[in-house]
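Participant: mmCIF, C-alpha atoms, file upload.cif:
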data_upload
loop_
_atom_site.label_atom_id
_atom_site.label_comp_id
_atom_site.auth_asym_id
_atom_site.auth_seq_id
_atom_site.Cartn_x
_atom_site.Cartn_y
_atom_site.Cartn_z
CA MET A 10 -152.81 4.13 103.79
CA ALA A 11 -153.43 0.65 102.38
CA GLN A 12 -154.74 -0.85 105.64
CA ILE A 13 -158.19 0.73 105.25
CA TRP A 14 -158.74 -0.67 101.75
CA HIS A 15 -160.59 -3.91 101.14
CA PRO A 16 -158.74 -6.35 98.83
CA GLU A 17 -161.68 -6.15 96.39
CA SER A 18 -161.98 -2.36 96.49
CA LYS A 19 -162.87 -0.56 93.29
CA THR A 20 -160.83 2.04 91.46
CA PRO A 21 -160.72 5.09 93.74
CA GLY A 22 -163.13 7.68 92.42
CA THR A 23 -165.79 5.21 91.26
CA PRO A 24 -169.10 5.76 93.10
CA TYR A 25 -170.71 2.87 94.90
CA TRP A 26 -173.93 3.78 93.07
CA TRP A 27 -172.43 2.88 89.69
CA GLU A 28 -172.05 -0.79 90.57
CA GLY A 29 -173.97 -3.03 88.17
CA ARG A 30 -175.50 -0.15 86.23
CA SER A 31 -175.53 -0.12 82.43
CA PRO A 32 -175.69 3.05 80.31
CA VAL A 33 -179.21 4.11 79.33
CA ALA A 34 -179.84 3.44 75.65
CA GLY A 35 -181.16 6.12 73.34
CA LEU A 36 -178.74 9.00 73.88
CA THR A 37 -177.44 10.90 70.89
CA ARG A 38 -174.25 12.82 70.10
CA THR A 39 -175.78 15.17 67.55
CA PRO A 40 -178.08 18.01 68.68
CA PRO A 41 -181.09 19.14 66.64
CA LYS A 42 -180.79 22.32 64.58
CA SER A 43 -183.68 24.19 66.20
CA VAL A 44 -185.73 23.89 69.40
CA ASP A 45 -188.12 25.91 71.51
CA LEU A 46 -186.17 25.24 74.71
CA LEU A 47 -182.52 24.29 75.15
CA ILE A 48 -181.77 22.79 78.56
CA VAL A 49 -178.12 22.71 79.62
CA GLY A 50 -177.43 19.92 82.11
CA ALA A 51 -178.91 16.41 82.18
CA GLY A 52 -179.11 15.90 85.93
CA TYR A 53 -182.23 15.92 88.10
CA THR A 54 -183.03 19.57 87.37
CA GLY A 55 -182.61 19.42 83.61
CA LEU A 56 -184.45 16.14 83.15
CA SER A 57 -187.37 17.27 85.31
CA ALA A 58 -187.54 20.50 83.31
CA ALA A 59 -187.56 18.49 80.09
CA LEU A 60 -190.46 16.36 81.30
CA THR A 61 -192.50 19.44 82.16
CA ALA A 62 -191.71 21.29 78.92
CA ALA A 63 -192.38 18.26 76.76
CA ASP A 64 -195.70 17.63 78.47
CA CYS A 65 -196.59 21.26 77.67
CA GLY A 66 -195.98 20.57 73.99
CA ALA A 67 -192.64 22.36 73.65
CA ASN A 68 -189.88 21.17 71.32
CA VAL A 69 -187.03 20.47 73.75
CA VAL A 70 -183.43 19.26 73.77
CA VAL A 71 -181.25 18.45 76.79
CA VAL A 72 -177.48 18.70 76.35
CA ASP A 73 -174.73 17.69 78.74
CA ALA A 74 -171.01 18.37 78.45
CA GLY A 75 -170.31 14.86 79.77
CA GLU A 76 -172.40 11.75 80.18
CA PRO A 77 -175.85 12.47 81.64
CA GLY A 78 -175.96 11.90 85.38
CA GLU A 79 -172.24 11.52 85.95
CA GLY A 80 -172.21 14.64 88.13
CA ALA A 81 -173.94 15.08 91.47
CA SER A 82 -177.09 13.26 90.35
CA SER A 83 -175.36 9.87 90.60
CA ARG A 84 -172.82 10.77 93.29
CA ASN A 85 -174.90 12.13 96.18
CA GLY A 86 -175.91 10.37 99.39
CA GLY A 87 -179.41 9.50 98.24
CA MET A 88 -181.03 11.38 101.11
CA MET A 89 -184.37 12.90 100.18
CA GLY A 90 -185.95 15.59 102.27
CA ALA A 91 -187.02 19.19 101.88
CA HIS A 92 -187.28 21.24 105.04
CA PRO A 93 -186.60 24.92 105.75
CA ARG A 94 -182.86 25.56 105.90
CA PHE A 95 -183.15 28.29 108.53
CA SER A 96 -185.36 29.31 111.40
CA TYR A 97 -188.52 31.20 110.57
CA GLU A 98 -187.11 34.37 112.15
CA THR A 99 -184.02 34.17 109.94
CA MET A 100 -186.17 33.64 106.85
CA VAL A 101 -188.28 36.68 107.72
CA GLU A 102 -185.18 38.78 108.30
CA ARG A 103 -183.69 37.80 104.96
CA PHE A 104 -186.69 37.63 102.66
CA GLY A 105 -189.69 39.16 104.42
CA GLN A 106 -192.65 37.45 106.05
CA THR A 107 -194.57 36.66 102.86
CA THR A 108 -191.65 34.89 101.22
CA ALA A 109 -190.73 33.15 104.48
CA ASP A 110 -194.26 31.77 104.79
CA ARG A 111 -194.21 30.58 101.19
CA LEU A 112 -190.80 28.90 101.56
CA TYR A 113 -192.08 26.99 104.58
CA GLU A 114 -195.09 25.90 102.53
CA GLU A 115 -193.09 24.91 99.47
CA ALA A 116 -190.60 22.66 101.26
CA PRO A 117 -193.09 19.78 101.68
CA ALA A 118 -194.52 20.51 98.22
CA ALA A 119 -191.07 19.93 96.71
CA PHE A 120 -190.79 16.58 98.48
CA GLU A 121 -194.23 15.48 97.33
CA HIS A 122 -193.52 16.52 93.74
CA THR A 123 -190.38 14.39 93.61
CA ARG A 124 -192.08 11.42 95.27
CA ASN A 125 -194.96 11.69 92.80
CA LEU A 126 -192.47 11.70 89.91
CA ILE A 127 -191.10 8.40 91.17
CA VAL A 128 -194.58 6.91 91.31
CA THR A 129 -196.09 8.31 88.10
CA GLU A 130 -193.01 7.51 85.99
CA GLY A 131 -192.64 4.05 87.54
CA ILE A 132 -189.03 4.63 88.66
CA ASP A 133 -187.51 1.73 90.60
CA CYS A 134 -184.94 3.55 92.75
CA ASP A 135 -185.12 1.81 96.16
CA PHE A 136 -187.28 4.62 97.52
CA GLN A 137 -188.08 4.17 101.20
CA VAL A 138 -189.42 6.50 103.87
CA THR A 139 -186.76 6.00 106.53
CA GLY A 140 -186.88 9.30 108.38
CA ARG A 141 -183.82 11.45 108.86
CA ILE A 142 -182.19 12.72 112.02
CA GLN A 143 -180.07 15.85 112.18
CA LEU A 144 -177.53 15.41 114.98
CA ALA A 145 -176.56 18.43 117.10
CA TRP A 146 -172.82 18.82 117.58
CA THR A 147 -173.13 21.48 120.32
CA ASN A 148 -175.70 22.58 122.85
CA GLY A 149 -176.11 25.77 120.81
CA HIS A 150 -176.95 23.74 117.72
CA PHE A 151 -179.53 21.81 119.73
CA ALA A 152 -181.12 25.08 120.84
CA ASP A 153 -181.29 26.16 117.17
CA GLN A 154 -182.98 22.86 116.33
CA ALA A 155 -185.59 23.40 119.02
CA GLN A 156 -186.36 26.83 117.58
CA LEU A 157 -186.72 25.39 114.07
CA ALA A 158 -188.93 22.57 115.33
CA ARG A 159 -191.29 25.04 116.99
CA ALA A 160 -191.62 27.06 113.79
CA MET A 161 -192.26 23.93 111.72
CA GLU A 162 -194.88 22.66 114.18
CA LEU A 163 -196.84 25.89 113.75
CA ARG A 164 -196.78 25.69 109.96
CA SER A 165 -196.38 21.97 109.20
CA PRO A 166 -197.51 19.96 112.25
CA GLY A 167 -195.84 16.60 112.73
CA THR A 168 -193.00 17.14 110.26
CA ALA A 169 -190.20 17.55 112.82
CA GLN A 170 -189.57 16.26 116.33
CA ILE A 171 -186.93 17.25 118.85
CA VAL A 172 -184.91 14.30 120.18
CA PRO A 173 -183.27 14.98 123.58
CA PRO A 174 -179.84 13.45 124.22
CA GLU A 175 -181.21 10.66 126.39
CA GLU A 176 -183.38 9.44 123.51
CA LEU A 177 -180.77 9.52 120.75
CA SER A 178 -179.95 5.84 121.21
CA ARG A 179 -183.18 4.99 119.37
CA HIS A 180 -181.53 6.40 116.24
CA ILE A 181 -177.77 6.13 116.69
CA ARG A 182 -175.43 4.62 119.30
CA THR A 183 -172.72 7.17 120.06
CA ARG A 184 -172.06 9.71 122.78
CA LEU A 185 -170.85 12.50 120.49
CA TYR A 186 -174.05 14.45 119.96
CA LYS A 187 -176.09 16.79 122.16
CA GLY A 188 -179.51 15.88 120.79
CA GLY A 189 -181.19 15.88 117.42
CA LEU A 190 -184.03 16.94 115.15
CA TYR A 191 -185.95 14.07 113.59
CA PHE A 192 -187.87 14.35 110.31
CA PRO A 193 -190.06 11.22 110.18
CA GLY A 194 -191.27 11.83 106.61
CA HIS A 195 -187.85 12.05 104.96
CA ALA A 196 -186.71 9.27 102.70
CA ALA A 197 -183.87 7.40 101.04
CA LEU A 198 -183.29 6.38 97.44
CA HIS A 199 -180.64 5.09 95.07
CA PRO A 200 -179.50 8.27 93.26
CA ARG A 201 -178.21 6.63 90.07
CA LYS A 202 -181.39 4.58 89.65
CA PHE A 203 -183.47 7.69 90.22
CA HIS A 204 -181.52 9.65 87.62
CA ASP A 205 -181.68 6.86 85.06
CA GLY A 206 -185.43 6.54 85.63
CA LEU A 207 -185.88 10.25 84.92
CA LEU A 208 -183.68 9.92 81.83
CA ARG A 209 -185.75 7.06 80.46
CA ALA A 210 -188.94 9.04 81.10
CA VAL A 211 -187.53 11.94 79.05
CA LEU A 212 -186.48 9.65 76.22
CA ARG A 213 -189.92 7.99 76.17
CA ARG A 214 -191.36 11.40 75.32
CA GLY A 215 -189.12 11.66 72.29
CA VAL A 216 -186.93 14.39 73.77
CA PRO A 217 -183.34 14.14 72.48
CA VAL A 218 -180.67 13.99 75.19
CA VAL A 219 -177.25 14.83 73.80
CA ALA A 220 -174.15 13.53 75.60
CA GLY A 221 -170.72 15.08 75.21
CA CYS A 222 -172.20 18.36 73.97
CA ARG A 223 -170.50 21.37 75.54
CA ILE A 224 -171.97 24.85 75.03
CA ASP A 225 -169.01 27.03 74.04
CA ALA A 226 -170.95 30.27 73.54
CA LEU A 227 -174.45 31.71 73.47
CA GLN A 228 -175.33 34.56 71.14
CA ARG A 229 -178.59 36.45 71.04
CA SER A 230 -180.57 36.23 67.82
CA LYS A 231 -183.87 37.64 66.60
CA ALA A 232 -185.60 34.39 67.46
CA GLY A 233 -183.79 33.77 70.75
CA PHE A 234 -180.30 32.28 70.95
CA LEU A 235 -177.61 30.62 68.86
CA ALA A 236 -175.81 28.01 70.97
CA GLU A 237 -172.40 27.09 69.65
CA THR A 238 -171.34 23.54 70.49
CA ASP A 239 -168.45 21.37 69.39
CA THR A 240 -170.93 19.33 67.33
CA GLY A 241 -172.96 22.12 65.73
CA VAL A 242 -175.09 25.19 66.30
CA ILE A 243 -178.49 24.99 68.01
CA ARG A 244 -181.11 27.67 67.43
CA ALA A 245 -183.16 27.98 70.60
CA GLY A 246 -186.04 30.19 71.51
CA LYS A 247 -185.22 29.93 75.24
CA VAL A 248 -182.29 28.58 77.29
CA LEU A 249 -182.49 27.01 80.74
CA MET A 250 -179.30 26.45 82.74
CA ALA A 251 -179.47 23.37 84.97
CA SER A 252 -175.78 22.77 85.59
CA ASN A 253 -175.53 23.77 89.29
CA GLY A 254 -172.07 22.86 90.68
CA TYR A 255 -170.81 21.94 87.21
CA THR A 256 -171.43 25.31 85.57
CA THR A 257 -168.44 26.14 83.38
CA GLY A 258 -167.61 28.04 80.20
CA ARG A 259 -168.83 31.55 79.55
CA PHE A 260 -171.67 31.62 82.07
CA GLY A 261 -169.81 34.03 84.30
CA TRP A 262 -172.85 35.64 85.90
CA LEU A 263 -173.96 32.26 87.26
CA ARG A 264 -170.46 31.13 88.18
CA LYS A 265 -170.08 34.16 90.43
CA ARG A 266 -173.24 33.19 92.32
CA VAL A 267 -172.98 29.41 92.52
CA PHE A 268 -169.63 27.88 93.40
CA PRO A 269 -168.67 24.19 93.39
CA LEU A 270 -167.96 22.71 96.80
CA PRO A 271 -166.79 19.10 96.74
CA SER A 272 -168.36 16.48 98.94
CA PHE A 273 -166.71 13.13 99.51
CA LEU A 274 -168.14 9.70 100.28
CA ILE A 275 -166.94 6.23 101.14
CA ALA A 276 -168.63 2.84 101.25
CA THR A 277 -167.55 0.22 103.76
CA GLU A 278 -167.17 -3.45 103.08
CA PRO A 279 -170.30 -5.50 103.88
CA LEU A 280 -170.87 -5.49 107.64
CA PRO A 281 -172.73 -7.92 109.93
CA VAL A 282 -176.40 -7.06 110.26
CA ASP A 283 -176.22 -7.14 114.06
CA LEU A 284 -173.36 -4.59 113.98
CA LEU A 285 -175.37 -2.22 111.78
CA ASP A 286 -178.37 -2.65 114.06
CA GLN A 287 -176.15 -1.75 116.99
CA LEU A 288 -174.65 1.34 115.36
CA ALA A 289 -177.81 2.70 113.73
CA PRO A 290 -180.84 0.97 115.29
CA GLY A 291 -183.30 3.29 113.54
CA ARG A 292 -181.62 2.87 110.14
CA ARG A 293 -182.31 6.55 109.45
CA MET A 294 -180.68 8.96 107.11
CA MET A 295 -178.30 10.86 109.40
CA VAL A 296 -176.56 14.23 109.14
CA GLU A 297 -174.66 16.29 111.69
CA THR A 298 -174.34 19.99 112.33
CA ARG A 299 -170.59 20.44 112.82
CA ALA A 300 -168.57 22.26 110.18
CA ARG A 301 -167.40 19.11 108.40
CA HIS A 302 -171.06 18.20 107.81
CA SER A 303 -170.75 14.43 107.99
CA TYR A 304 -173.75 12.52 106.66
CA PHE A 305 -174.27 8.78 106.68
CA ARG A 306 -176.76 6.01 106.03
CA ILE A 307 -177.14 2.29 105.49
CA SER A 308 -176.95 1.17 101.86
CA PRO A 309 -180.27 0.27 100.18
CA ASP A 310 -179.49 -3.44 100.39
CA GLY A 311 -178.88 -3.13 104.14
CA THR A 312 -175.29 -4.37 104.10
CA ARG A 313 -172.92 -1.37 104.23
CA LEU A 314 -172.41 2.00 105.78
CA LEU A 315 -172.17 4.91 103.34
CA PHE A 316 -170.36 7.82 104.95
CA GLY A 317 -169.87 11.29 103.48
CA GLY A 318 -168.73 14.76 104.40
CA ARG A 319 -166.36 17.62 103.69
CA ALA A 320 -163.02 15.85 103.78
CA SER A 321 -161.74 19.06 102.19
CA MET A 322 -163.11 22.32 100.83
CA ARG A 323 -161.09 21.73 97.67
CA PRO A 324 -160.61 18.72 95.39
CA ILE A 325 -158.28 16.09 96.84
CA SER A 326 -157.52 12.50 95.84
CA ALA A 327 -160.04 9.75 96.57
CA GLU A 328 -157.39 7.97 98.65
CA ARG A 329 -156.72 11.00 100.83
CA ALA A 330 -160.43 11.71 101.25
CA ALA A 331 -161.04 8.09 102.26
CA MET A 332 -158.44 8.33 105.02
CA ARG A 333 -160.06 11.46 106.45
CA LEU A 334 -163.62 10.13 106.23
CA HIS A 335 -162.62 6.79 107.71
CA ALA A 336 -161.05 8.59 110.68
CA THR A 337 -164.16 10.73 111.18
CA MET A 338 -166.41 7.67 110.94
CA CYS A 339 -164.35 5.86 113.58
CA GLY A 340 -164.53 8.93 115.80
CA ILE A 341 -168.31 8.48 115.82
CA TRP A 342 -168.18 4.68 116.07
CA PRO A 343 -164.86 3.37 117.45
CA GLU A 344 -166.17 -0.14 116.79
CA LEU A 345 -165.45 0.46 113.09
CA GLY A 346 -161.71 0.90 113.57
CA GLY A 347 -160.91 -2.28 111.65
CA THR A 348 -163.53 -1.75 108.94
CA ARG A 349 -162.21 -1.55 105.38
CA ILE A 350 -163.33 0.59 102.47
CA THR A 351 -164.45 -0.61 99.04
CA HIS A 352 -165.36 2.72 97.37
CA SER A 353 -164.28 6.34 97.67
CA TRP A 354 -165.66 9.08 95.45
CA SER A 355 -166.68 12.72 95.32
CA GLY A 356 -169.01 15.13 93.54
CA ASN A 357 -169.64 18.85 93.36
CA THR A 358 -172.43 20.46 95.30
CA GLY A 359 -173.47 23.83 93.91
CA PHE A 360 -173.54 26.35 96.76
CA SER A 361 -175.10 29.78 96.74
CA PHE A 362 -173.80 32.37 99.17
CA GLY A 363 -177.17 32.42 100.91
CA HIS A 364 -177.31 28.61 101.17
CA MET A 365 -180.67 28.68 99.40
CA PRO A 366 -181.67 27.49 95.92
CA HIS A 367 -182.67 30.11 93.39
CA ILE A 368 -184.75 30.15 90.23
CA GLY A 369 -185.10 32.98 87.75
CA GLN A 370 -183.55 34.49 84.65
CA HIS A 371 -180.74 36.85 83.74
CA ASN A 372 -180.46 38.30 80.24
CA GLN A 373 -183.27 35.95 79.20
CA ILE A 374 -181.30 32.86 80.27
CA TYR A 375 -183.33 30.92 82.85
CA HIS A 376 -181.74 28.99 85.70
CA ALA A 377 -182.48 26.75 88.66
CA MET A 378 -179.49 25.99 90.89
CA GLY A 379 -177.65 26.71 94.14
CA TYR A 380 -179.18 23.78 96.06
CA SER A 381 -176.36 23.95 98.61
CA GLY A 382 -176.42 20.24 99.36
CA SER A 383 -180.19 19.66 99.42
CA GLY A 384 -180.92 18.88 95.80
CA VAL A 385 -182.44 15.40 95.69
CA ALA A 386 -185.95 16.56 96.58
CA VAL A 387 -185.74 20.21 95.57
CA SER A 388 -184.00 20.06 92.18
CA PRO A 389 -186.72 18.09 90.33
CA TYR A 390 -189.30 20.47 91.79
CA LEU A 391 -187.42 23.59 90.72
CA GLY A 392 -186.61 22.05 87.35
CA MET A 393 -190.36 21.81 86.83
CA LYS A 394 -190.87 25.39 87.99
CA ALA A 395 -188.05 26.70 85.77
CA ALA A 396 -189.55 25.03 82.72
CA TYR A 397 -192.89 26.69 83.40
CA LEU A 398 -191.15 30.05 83.80
CA ALA A 399 -189.32 29.64 80.52
CA LEU A 400 -192.61 28.83 78.79
CA ASP A 401 -194.35 31.85 80.36
CA ASP A 402 -196.67 29.54 82.26
CA PRO A 403 -198.03 31.01 85.54
CA ARG A 404 -197.45 27.64 87.23
CA GLY A 405 -193.79 28.64 87.37
CA ASP A 406 -194.42 31.04 90.24
CA THR A 407 -192.41 30.05 93.32
CA ALA A 408 -191.00 31.64 96.44
CA TYR A 409 -187.54 30.49 95.34
CA GLN A 410 -187.57 33.37 92.86
CA ALA A 411 -187.29 35.70 95.87
CA THR A 412 -184.30 34.05 97.58
CA ALA A 413 -181.06 36.03 97.51
CA PHE A 414 -178.84 35.19 94.55
CA LYS A 415 -175.87 37.41 94.99
CA THR A 416 -172.14 37.15 94.62
CA HIS A 417 -169.74 37.97 97.45
CA PRO A 418 -166.72 40.28 97.84
CA LEU A 419 -164.53 37.20 98.48
CA HIS A 420 -165.60 35.80 95.12
CA PRO A 421 -164.95 38.56 92.55
CA PHE A 422 -163.87 36.10 89.88
CA GLN A 423 -165.60 33.20 88.18
CA THR A 424 -163.16 30.70 89.70
CA PRO A 425 -163.69 30.26 93.50
CA HIS A 426 -160.15 31.04 94.65
CA PHE A 427 -161.48 31.83 98.14
CA LEU A 428 -161.85 28.08 98.73
CA ARG A 429 -158.08 27.86 99.25
CA ALA A 430 -158.40 29.97 102.37
CA ALA A 431 -161.68 28.26 103.21
CA ASP A 432 -159.91 24.90 103.29
CA LEU A 433 -157.54 26.19 105.95
CA TRP A 434 -160.43 27.58 108.02
CA TYR A 435 -162.28 24.30 107.66
CA ARG A 436 -159.42 22.36 109.23
CA PHE A 437 -159.89 24.39 112.40
CA GLY A 438 -163.61 23.55 112.49
CA VAL A 439 -164.85 26.83 111.01
CA ASP A 440 -167.23 26.80 108.07
CA PRO A 441 -166.47 29.92 105.99
CA ALA A 442 -169.45 29.33 103.72
CA GLN A 443 -171.65 29.81 106.79
CA ASN A 444 -169.86 33.04 107.62
CA MET A 445 -170.32 34.35 104.11
CA ALA A 446 -173.99 33.46 104.28
CA LYS A 447 -174.22 35.39 107.56
CA GLY A 448 -176.24 32.70 109.23
CA PRO A 449 -176.21 29.09 110.44
CA ASP A 450 -176.63 26.17 108.09
CA ARG A 451 -177.20 23.16 110.23
CA GLY A 452 -176.68 19.86 108.53
CA SER A 453 -176.04 20.80 104.93
CA SER A 454 -175.16 17.75 102.92
CA PRO A 455 -175.61 16.52 99.35
CA HIS A 456 -178.93 14.80 99.76
#
Can I see the file as structure tokens?

Facilitator:
Amino acid sequence: MAQIWHPESKTPGTPYWWEGRSPVAGLTRTPPKSVDLLIVGAGYTGLSAALTAADCGANVVVVDAGEPGEGASSRNGGMMGAHPRFSYETMVERFGQTTADRLYEEAPAAFEHTRNLIVTEGIDCDFQVTGRIQLAWTNGHFADQAQLARAMELRSPGTAQIVPPEELSRHIRTRLYKGGLYFPGHAALHPRKFHDGLLRAVLRRGVPVVAGCRIDALQRSKAGFLAETDTGVIRAGKVLMASNGYTTGRFGWLRKRVFPLPSFLIATEPLPVDLLDQLAPGRRMMVETRARHSYFRISPDGTRLLFGGRASMRPISAERAAMRLHATMCGIWPELGGTRITHSWSGNTGFSFGHMPHIGQHNQIYHAMGYSGSGVAVSPYLGMKAAYLALDDPRGDTAYQATAFKTHPLHPFQTPHFLRAADLWYRFGVDPAQNMAKGPDRGSSPH
């Protein structure tokens, strides 16, 4: 096992994105006694919701059971794009034509909202429009891509381009894939820097962000809710859940609809520039369509390869995940056989059974979650929408209210025990989450 590790490798489990980053000053450990809106979760969704609510004049608090941003918001691949997850025909079949049309329209709107946040809040997060290519593992996947590209061209001209196999070398040098779908407008960013920029923007507005504040119970009151925490009780008029793949405690209704699926990443040692140019001449964000859903990119400083995927459907050690990802990476690029690893880490993606995000409320508790691996662009957008909904503002209207948000017979409990069987299926190249969704999910990754 040791031969893949660089002598200066970091403690397994520490994300590459945490290198050189200092904690954001201004957090508190004591929540206020009373607020208009209590937001649970201080990741992209919760912080975006806090910005929107504060700008509407609401009295807001954001609480997080751990340290803000230490979940998926600082562990993902930093791939930013919002495109329809399924073909137009599949969307119509699932949600009806009106909702399908609106979902196709809102995908680019979500991207633009997040990009505008970066600009208006002055967030330095290594944002760059790199384009992203989705790599077809089979000829059938390539046919699905062509169908999706045709639907996108009708509704959003120029946002997606089919790449035949003979032209793939402009993006990636390997013979594994059967073609691709290129999104020229998609982008890359540094996820920890983006999160910390959002956090500072929230703190500038005077919104308290409480670290280490777990919600043990919520009770209805005449004025809204009483939130019991280990540091006190918060009286809140409204509650917004923004915890996605880290939803725990007594939120059983949500936990039966969004389950945590781990994604694993590694960072290579610094590599020669000419080697990176050879492997990935386009320097795109890259994802693939096979069941292990590998996704990879060049680091923002242009020196390393960051490689992620489903090394397992269940939590495993960072060392074991690194071995599996390293082997997969070398299967794509045999030239990297002697490359060593400096970082190996993981994070939870929050998956819905329909592989679509959802926003709404249940028993007067609002939520935005279930991003299913596509949260970087969409979660700030839906955090904004959820805040408007909670404040009874008509600007909260969104087609994501109409996406399916159901549980599944294989998941009758709050703990996703079905992932034990799913892990076995995964090893044979079958993606059970796709089967439960009753449809293809090409290229799902935490981006």

Participant: Using Å and a single decimal, report how far atom CA of Gln143 of chain A sits from atom CA of Leu177 of chain A.

Facilitator: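 It comes out at 10.7 Å.
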
Participant: Return as a PyMOL selection string the set of residues that the PyMOL selection byres ((chain A and resi 356-368) around 8) yields on the displayed structure.

Facilitator: chain A and resi 80-81+84-85+94+253-255+266-273+354-355+369-370+375-382+391+395+409-417+442+445-447+450+455

Participant: Evaluate the PyMOL selection byres ((chain A and resi 173) around 9) on the structure here and hand back the selected residues as number ranges by chain.

Facilitator: A: 151, 171-172, 174-177, 187-190

Participant: Any chance you could work out the residue set of the PyMOL selection byres ((chain A and resi 23) around 7) here, as a compact mmCIF listing (two decimals) with C-alpha atoms, in the coordinates of the input?

Facilitator:
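Dumped everything to selection.txt:
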# COMPACT_ATOMS: atom_id res chain seq x y z
CA LYS A 19 -162.87 -0.56 93.29
CA THR A 20 -160.83 2.04 91.46
CA PRO A 21 -160.72 5.09 93.74
CA GLY A 22 -163.13 7.68 92.42
CA PRO A 24 -169.10 5.76 93.10
CA TYR A 25 -170.71 2.87 94.90
CA HIS A 352 -165.36 2.72 97.37
CA SER A 353 -164.28 6.34 97.67
CA TRP A 354 -165.66 9.08 95.45

Participant: Using only C-alpha atoms, find the one residue out of A:Gly291, A:Tyr186, A:Arg201, A:Val248 that sits nearest to Gly340 of chain A.

Facilitator: A:Tyr186

Participant: Which residue is closest to Tyr390 of chain A? Choose from A:Ala330, A:Leu157, A:Val282, A:Ala91 and count only C-alpha atoms.

Facilitator: A:Ala91

Participant: Considering all atoms listed in the file, state which residue in the set A:Thr348, A:Ser83, A:Asn68, A:Ser303 is at the smallest distance from Phe316 of chain A.

Facilitator: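 Result for the nearest residue to Phe316 of chain A: A:Ser303.
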
Participant: My list of candidates is A:Ala300, A:Val101, A:Ala119, A:Val216. Which is closest to Met322 of chain A when distances are computed with only C-alpha atoms?

Facilitator: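 Nearest candidate to Met322 of chain A out of A:Ala300, A:Val101, A:Ala119, A:Val216: A:Ala300.
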
Participant: If you take every atom of segment 145-155 of chain A that the file lists and fit an axis-aligned box around them with 6 Å extra on each side, what centre and edge lengths come out in Å to one decimal, as JSON?

Facilitator:
{"center_x": -179.2, "center_y": 22.3, "center_z": 119.6, "size_x": 24.8, "size_y": 19.7, "size_z": 18.5}

Participant: Out of A:Ile243, A:Ala251, A:Leu208, A:Ala220, which residue has the shortest atom-to-atom distance to Asp45 of chain A when counting all atoms listed in the file?

Facilitator: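 Using all atoms listed in the file, Asp45 of chain A sits closest to A:Ile243.
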
Participant: Please return segment 180-189 of chain A, rebuilt to N, CA, C and O atoms, as a PDB file, in the coordinates of the input.

Facilitator:
ATOM      1  N   HIS A 180    -181.913   6.108 117.616  1.00  0.00           N
ATOM      2  CA  HIS A 180    -181.530   6.400 116.240  1.00  0.00           C
ATOM      3  C   HIS A 180    -180.075   6.043 115.951  1.00  0.00           C
ATOM      4  O   HIS A 180    -179.755   5.567 114.864  1.00  0.00           O
ATOM      5  N   ILE A 181    -179.195   6.327 116.907  1.00  0.00           N
ATOM      6  CA  ILE A 181    -177.770   6.130 116.690  1.00  0.00           C
ATOM      7  C   ILE A 181    -177.107   5.862 118.041  1.00  0.00           C
ATOM      8  O   ILE A 181    -177.484   6.465 119.048  1.00  0.00           O
ATOM      9  N   ARG A 182    -176.133   4.949 118.062  1.00  0.00           N
ATOM     10  CA  ARG A 182    -175.430   4.620 119.300  1.00  0.00           C
ATOM     11  C   ARG A 182    -174.052   5.279 119.284  1.00  0.00           C
ATOM     12  O   ARG A 182    -173.107   4.771 118.688  1.00  0.00           O
ATOM     13  N   THR A 183    -173.957   6.428 119.882  1.00  0.00           N
ATOM     14  CA  THR A 183    -172.720   7.170 120.060  1.00  0.00           C
ATOM     15  C   THR A 183    -172.977   8.229 121.112  1.00  0.00           C
ATOM     16  O   THR A 183    -174.129   8.607 121.343  1.00  0.00           O
ATOM     17  N   ARG A 184    -171.911   8.696 121.743  1.00  0.00           N
ATOM     18  CA  ARG A 184    -172.060   9.710 122.780  1.00  0.00           C
ATOM     19  C   ARG A 184    -171.615  11.093 122.300  1.00  0.00           C
ATOM     20  O   ARG A 184    -171.470  12.012 123.114  1.00  0.00           O
ATOM     21  N   LEU A 185    -171.408  11.251 121.009  1.00  0.00           N
ATOM     22  CA  LEU A 185    -170.850  12.500 120.490  1.00  0.00           C
ATOM     23  C   LEU A 185    -171.829  13.662 120.470  1.00  0.00           C
ATOM     24  O   LEU A 185    -171.423  14.810 120.566  1.00  0.00           O
ATOM     25  N   TYR A 186    -173.116  13.389 120.295  1.00  0.00           N
ATOM     26  CA  TYR A 186    -174.050  14.450 119.960  1.00  0.00           C
ATOM     27  C   TYR A 186    -174.891  14.898 121.155  1.00  0.00           C
ATOM     28  O   TYR A 186    -175.094  14.156 122.114  1.00  0.00           O
ATOM     29  N   LYS A 187    -175.382  16.142 121.054  1.00  0.00           N
ATOM     30  CA  LYS A 187    -176.090  16.790 122.160  1.00  0.00           C
ATOM     31  C   LYS A 187    -177.611  16.752 122.011  1.00  0.00           C
ATOM     32  O   LYS A 187    -178.328  17.423 122.743  1.00  0.00           O
ATOM     33  N   GLY A 188    -178.088  15.963 121.076  1.00  0.00           N
ATOM     34  CA  GLY A 188    -179.510  15.880 120.790  1.00  0.00           C
ATOM     35  C   GLY A 188    -179.706  15.840 119.291  1.00  0.00           C
ATOM     36  O   GLY A 188    -178.738  15.699 118.518  1.00  0.00           O
ATOM     37  N   GLY A 189    -180.947  15.948 118.853  1.00  0.00           N
ATOM     38  CA  GLY A 189    -181.190  15.880 117.420  1.00  0.00           C
ATOM     39  C   GLY A 189    -182.557  16.406 117.035  1.00  0.00           C
ATOM     40  O   GLY A 189    -183.407  16.687 117.893  1.00  0.00           O
TER      41      GLY A 189
END
